[in-house]
Structures are given as C-alpha cells and as structure tokens.
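**Student:** What follows is a single structure, and I will ask about it in a moment.
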Amino acid sequence: MEAKLSDVAILDIPVIKDPRGSLSVIEDGVLPFSVERVFYLFDVPYESYRGGHAHHELQQFMVAINGSFDVLLDDGAQKRQITLNRPDKGLLIPPGIWREMLNFSSGSVCLVLASLPFSEDDYIRDYDEFLKLKNVH
C-alpha cells in the first residue's frame with residue numbers, strides 16, 4: 001500500500017497512422033505488467049460514477065477508447081483528477097490508489113487492462129479501511 005500519486009502515470013500507446021486511419025497496439029513492453037483481464041465500461045450515464053475502490057495487488061491501465069471521463073485518484077494524502085479523452089493515451093494505476101470515474105461523456109467507452117484476474121479479496125471497497133491501510137488518521 002506504499003503507492004503514491006507520483007506513481008500514477010499517463011503512458012503513450014503506440015500509433016500506426018496511414019491514409020486509411022490510425023491503429024494503436026498494446027503489446028509486450030508497453031505496460032509494466034502482463035495483461036490477465038480485460039473489461040470495458042460503456043453506456044454509463046453522465047451523472048453516474050464508477051470505481052470507488054482501491055486494490056491490494058492489481059495494477060490497471062485505463063484508456064478512453066471513445067469519448068471522455070474523469071478519474072479521481074487518491075493515495076490517502078493527496079487527490080488528483082485526470083481527464084482521459086484520447087485513445088492513444090492511457091492511465092497506469094498501481095495498487096494502493098483509490099479511484100473513482102465520473103463525468104462520462106455520451107458514447108464514452110473506458111477500456112481497462114488488468115494485471116490479475118478478478119478476485120473480490122483484492123478489492124478495498126471501504127474508504128475508511130483504505131485510509132487505515134495507508135496509515136492515514
């Protein structure tokens with residue numbers, strides 16, 4: 001649970017462009033972890049939010065494939081909000097960072113690449129528990 005907001009990073013996704021359009025590829029070497037799970041969020045109403053948790057071990061790479069949304073990040077000491085709105089940039093979130101996604105634009109799609117398969121035991125869903133694990137009083 002030692003992660004800090006300074007460990008969060010925006011990474012460029014390689015883009016191949018030609019007259020027919022652009023193609024982005026996420027393969028070995030782009031992410032600092034092997035992808036074990038892929039999921040995506042879509043049809044999220046603007047006034048809704050997603051997330052509201054942290055992870056003990058899991059790393060995530062989040063991409064706005066279409067549209068935009070904001071990601072509120074919290075390491076227990078500081079908070080930061082990042083807008084994702086480009087399919088060639090992704091947000092790397094290490095374990096131990098609380099995240100909430102909000103302000104989804106119409107038609108937005110959030111792609112998430114995860115370092116581990118789903119495990120409920122890896123989730124920290126209670127913010128007070130998160131702060132205790134971060135040793136924040």
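Ligands are numbered from 1 in the order shown, residues from 1 within each chain, and chains are lettered A, B, ... in the order they appear in the structure tokens.
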Name the residues in contact with Glu129 of chain A at a cut-off of 12 Å, using only C-alpha atoms, excluding same-chain residues fewer than 3 positions from it; report them as a list in words.

**Tutor:**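 In the requested format, the answer is Met1, His53, Ala54, His55, His56, Gly76, Gly96, Trp98, Tyr123, Ile124, Arg125, Asp126, Lys132, Leu133, Lys134, Asn135, Val136 and His137 of chain A.
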
**Student:** For C-alpha atoms, I'd like the residues from the last selection saved as an mmCIF file, in the first residue's frame.

**Tutor:**
data_model
loop_
_atom_site.group_PDB
_atom_site.id
_atom_site.type_symbol
_atom_site.label_atom_id
_atom_site.label_comp_id
_atom_site.auth_asym_id
_atom_site.auth_seq_id
_atom_site.Cartn_x
_atom_site.Cartn_y
_atom_site.Cartn_z
ATOM 1 C CA MET A 1 0.000 0.000 0.000
ATOM 2 C CA HIS A 53 -12.292 1.312 -4.593
ATOM 3 C CA ALA A 54 -8.586 0.503 -4.468
ATOM 4 C CA HIS A 55 -6.694 -2.748 -4.938
ATOM 5 C CA HIS A 56 -4.153 -4.560 -2.780
ATOM 6 C CA GLY A 76 -4.661 8.799 1.195
ATOM 7 C CA GLY A 96 -2.930 1.133 -3.327
ATOM 8 C CA TRP A 98 -8.253 4.819 -4.632
ATOM 9 C CA TYR A 123 -10.632 -5.028 -3.573
ATOM 10 C CA ILE A 124 -10.704 -2.369 -0.855
ATOM 11 C CA ARG A 125 -14.240 -1.011 -1.148
ATOM 12 C CA ASP A 126 -14.478 0.909 2.147
ATOM 13 C CA LYS A 132 -6.304 2.726 7.771
ATOM 14 C CA LEU A 133 -4.256 0.570 5.386
ATOM 15 C CA LYS A 134 -2.452 3.721 4.196
ATOM 16 C CA ASN A 135 -1.842 4.701 7.847
ATOM 17 C CA VAL A 136 -3.757 7.967 7.436
ATOM 18 C CA HIS A 137 -5.612 9.197 10.517
#

**Student:** DSSP on the backbone: which residues in chain A end up as strand (DSSP E or B)? Give the answer as a VMD selection string.

**Tutor:** chain A and resid 9 to 12 15 to 18 21 to 24 28 31 37 to 42 50 to 55 60 to 66 69 to 74 79 to 84 89 to 93 98 to 102 109 to 114 123 to 124

**Student:** Do you know which residues are at most 10 Å from segment 117-122 of chain A counting only C-alpha atoms, after dropping those on the same chain fewer than 6 positions away, and could you put them as a list in words?

**Tutor:** Val35, Glu36, Arg37, Val38, Ala54, His55, His56, Glu57, Leu58 and Pro95 of chain A

**Student:** With N, CA and C atoms retained, export the selected residues as a JSON list (two decimals), in the first residue's frame.

**Tutor:**
[["chain", "number", "residue", "atom", "x", "y", "z"],
["A", 35, "VAL", "N", -1.04, -8.64, -19.09],
["A", 35, "VAL", "CA", -2.49, -8.45, -19.01],
["A", 35, "VAL", "C", -3.15, -9.81, -18.73],
["A", 36, "GLU", "N", -3.90, -9.87, -17.63],
["A", 36, "GLU", "CA", -4.61, -11.08, -17.24],
["A", 36, "GLU", "C", -6.13, -10.95, -17.39],
["A", 37, "ARG", "N", -6.59, -9.70, -17.52],
["A", 37, "ARG", "CA", -8.04, -9.48, -17.64],
["A", 37, "ARG", "C", -8.27, -8.18, -18.40],
["A", 38, "VAL", "N", -9.29, -8.18, -19.24],
["A", 38, "VAL", "CA", -9.70, -7.00, -20.00],
["A", 38, "VAL", "C", -11.20, -6.80, -19.79],
["A", 54, "ALA", "N", -10.02, 0.65, -4.20],
["A", 54, "ALA", "CA", -8.59, 0.50, -4.47],
["A", 54, "ALA", "C", -8.31, -0.99, -4.53],
["A", 55, "HIS", "N", -7.09, -1.34, -4.88],
["A", 55, "HIS", "CA", -6.69, -2.75, -4.94],
["A", 55, "HIS", "C", -5.44, -2.97, -4.09],
["A", 56, "HIS", "N", -5.35, -4.17, -3.53],
["A", 56, "HIS", "CA", -4.15, -4.56, -2.78],
["A", 56, "HIS", "C", -2.99, -4.85, -3.72],
["A", 57, "GLU", "N", -3.22, -5.60, -4.80],
["A", 57, "GLU", "CA", -2.15, -6.08, -5.68],
["A", 57, "GLU", "C", -2.33, -5.70, -7.15],
["A", 58, "LEU", "N", -3.55, -5.60, -7.60],
["A", 58, "LEU", "CA", -3.85, -5.41, -9.02],
["A", 58, "LEU", "C", -3.41, -4.05, -9.55],
["A", 95, "PRO", "N", -1.32, -0.56, -7.57],
["A", 95, "PRO", "CA", -2.13, -0.93, -6.40],
["A", 95, "PRO", "C", -1.97, 0.11, -5.30]]

**Student:** Using only C-alpha atoms, pick whichever of A:Ser6, A:Ile97, A:Ile65, A:Gly51 has the shortest atom-to-atom distance to Leu23 of chain A.

**Tutor:**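 Of A:Ser6, A:Ile97, A:Ile65, A:Gly51, the one nearest Leu23 of chain A is A:Ile65, counting only C-alpha atoms.
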
**Student:** Env of segment 39-47 of chain A: 7 Å cut, atoms = only C-alpha atoms, seq-sep filter 4 positions within chain, self excluded. Answer as a PyMOL selection string.

**Tutor:** chain A and resi 103-105+107-113

**Student:** Give me a file of those residues, with C-alpha atoms, as a compact mmCIF listing (two decimals), in the first residue's frame.

**Tutor:**
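Dumped to out-v5.txt:
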# COMPACT_ATOMS: atom_id res chain seq x y z
CA ASN A 103 -18.32 12.76 -15.81
CA PHE A 104 -18.70 10.19 -18.60
CA SER A 105 -19.48 11.86 -21.93
CA GLY A 107 -20.92 7.41 -26.01
CA SER A 108 -17.77 7.10 -23.91
CA VAL A 109 -16.03 3.75 -23.57
CA CYS A 110 -13.49 3.04 -20.82
CA LEU A 111 -11.18 0.10 -21.59
CA VAL A 112 -9.32 -1.40 -18.62
CA LEU A 113 -6.39 -3.81 -18.84

**Student:** Would you return as a list of chain:residue names the members of chain A that DSSP assigns to alpha helix (DSSP H) on this structure's backbone?

**Tutor:**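 Those in chain A that DSSP calls alpha helix (DSSP H) are A:Tyr127, A:Asp128, A:Glu129, A:Phe130, A:Leu131, A:Lys132, A:Leu133.
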
**Student:** When you draw a straight line from atom CA of Asp75 of chain A to atom CA of Leu31 of chain A, how long is it in Å?

**Tutor:** 21.2 Å

**Student:** Which one is closest to Gly52 of chain A: A:Val8, A:Leu116, A:Leu73, A:Ala64? Count only C-alpha atoms.

**Tutor:**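 Going through A:Val8, A:Leu116, A:Leu73, A:Ala64 one by one, the smallest distance to Gly52 of chain A is for A:Leu73.
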
**Student:** Quick one: of A:Ile82, A:Ala77, A:Leu72, A:Leu91, who's nearest to Asp12 of chain A, counting only C-alpha atoms?

**Tutor:**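 Closest residue, counting only C-alpha atoms: A:Leu91.
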
**Student:** Pick the closest to Ser34 of chain A from A:Asp70, A:Arg99, A:Asn85, A:Gln60: which is it, counting only C-alpha atoms?

**Tutor:**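 For Ser34 of chain A, the nearest of the given residues is A:Gln60.
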
**Student:** Find the distance between atom CA of Glu27 of chain A and atom CA of Ser68 of chain A and write it in Å to one decimal.

**Tutor:**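 Answer for the atom CA of Glu27 of chain A to atom CA of Ser68 of chain A separation: 23.4 Å.
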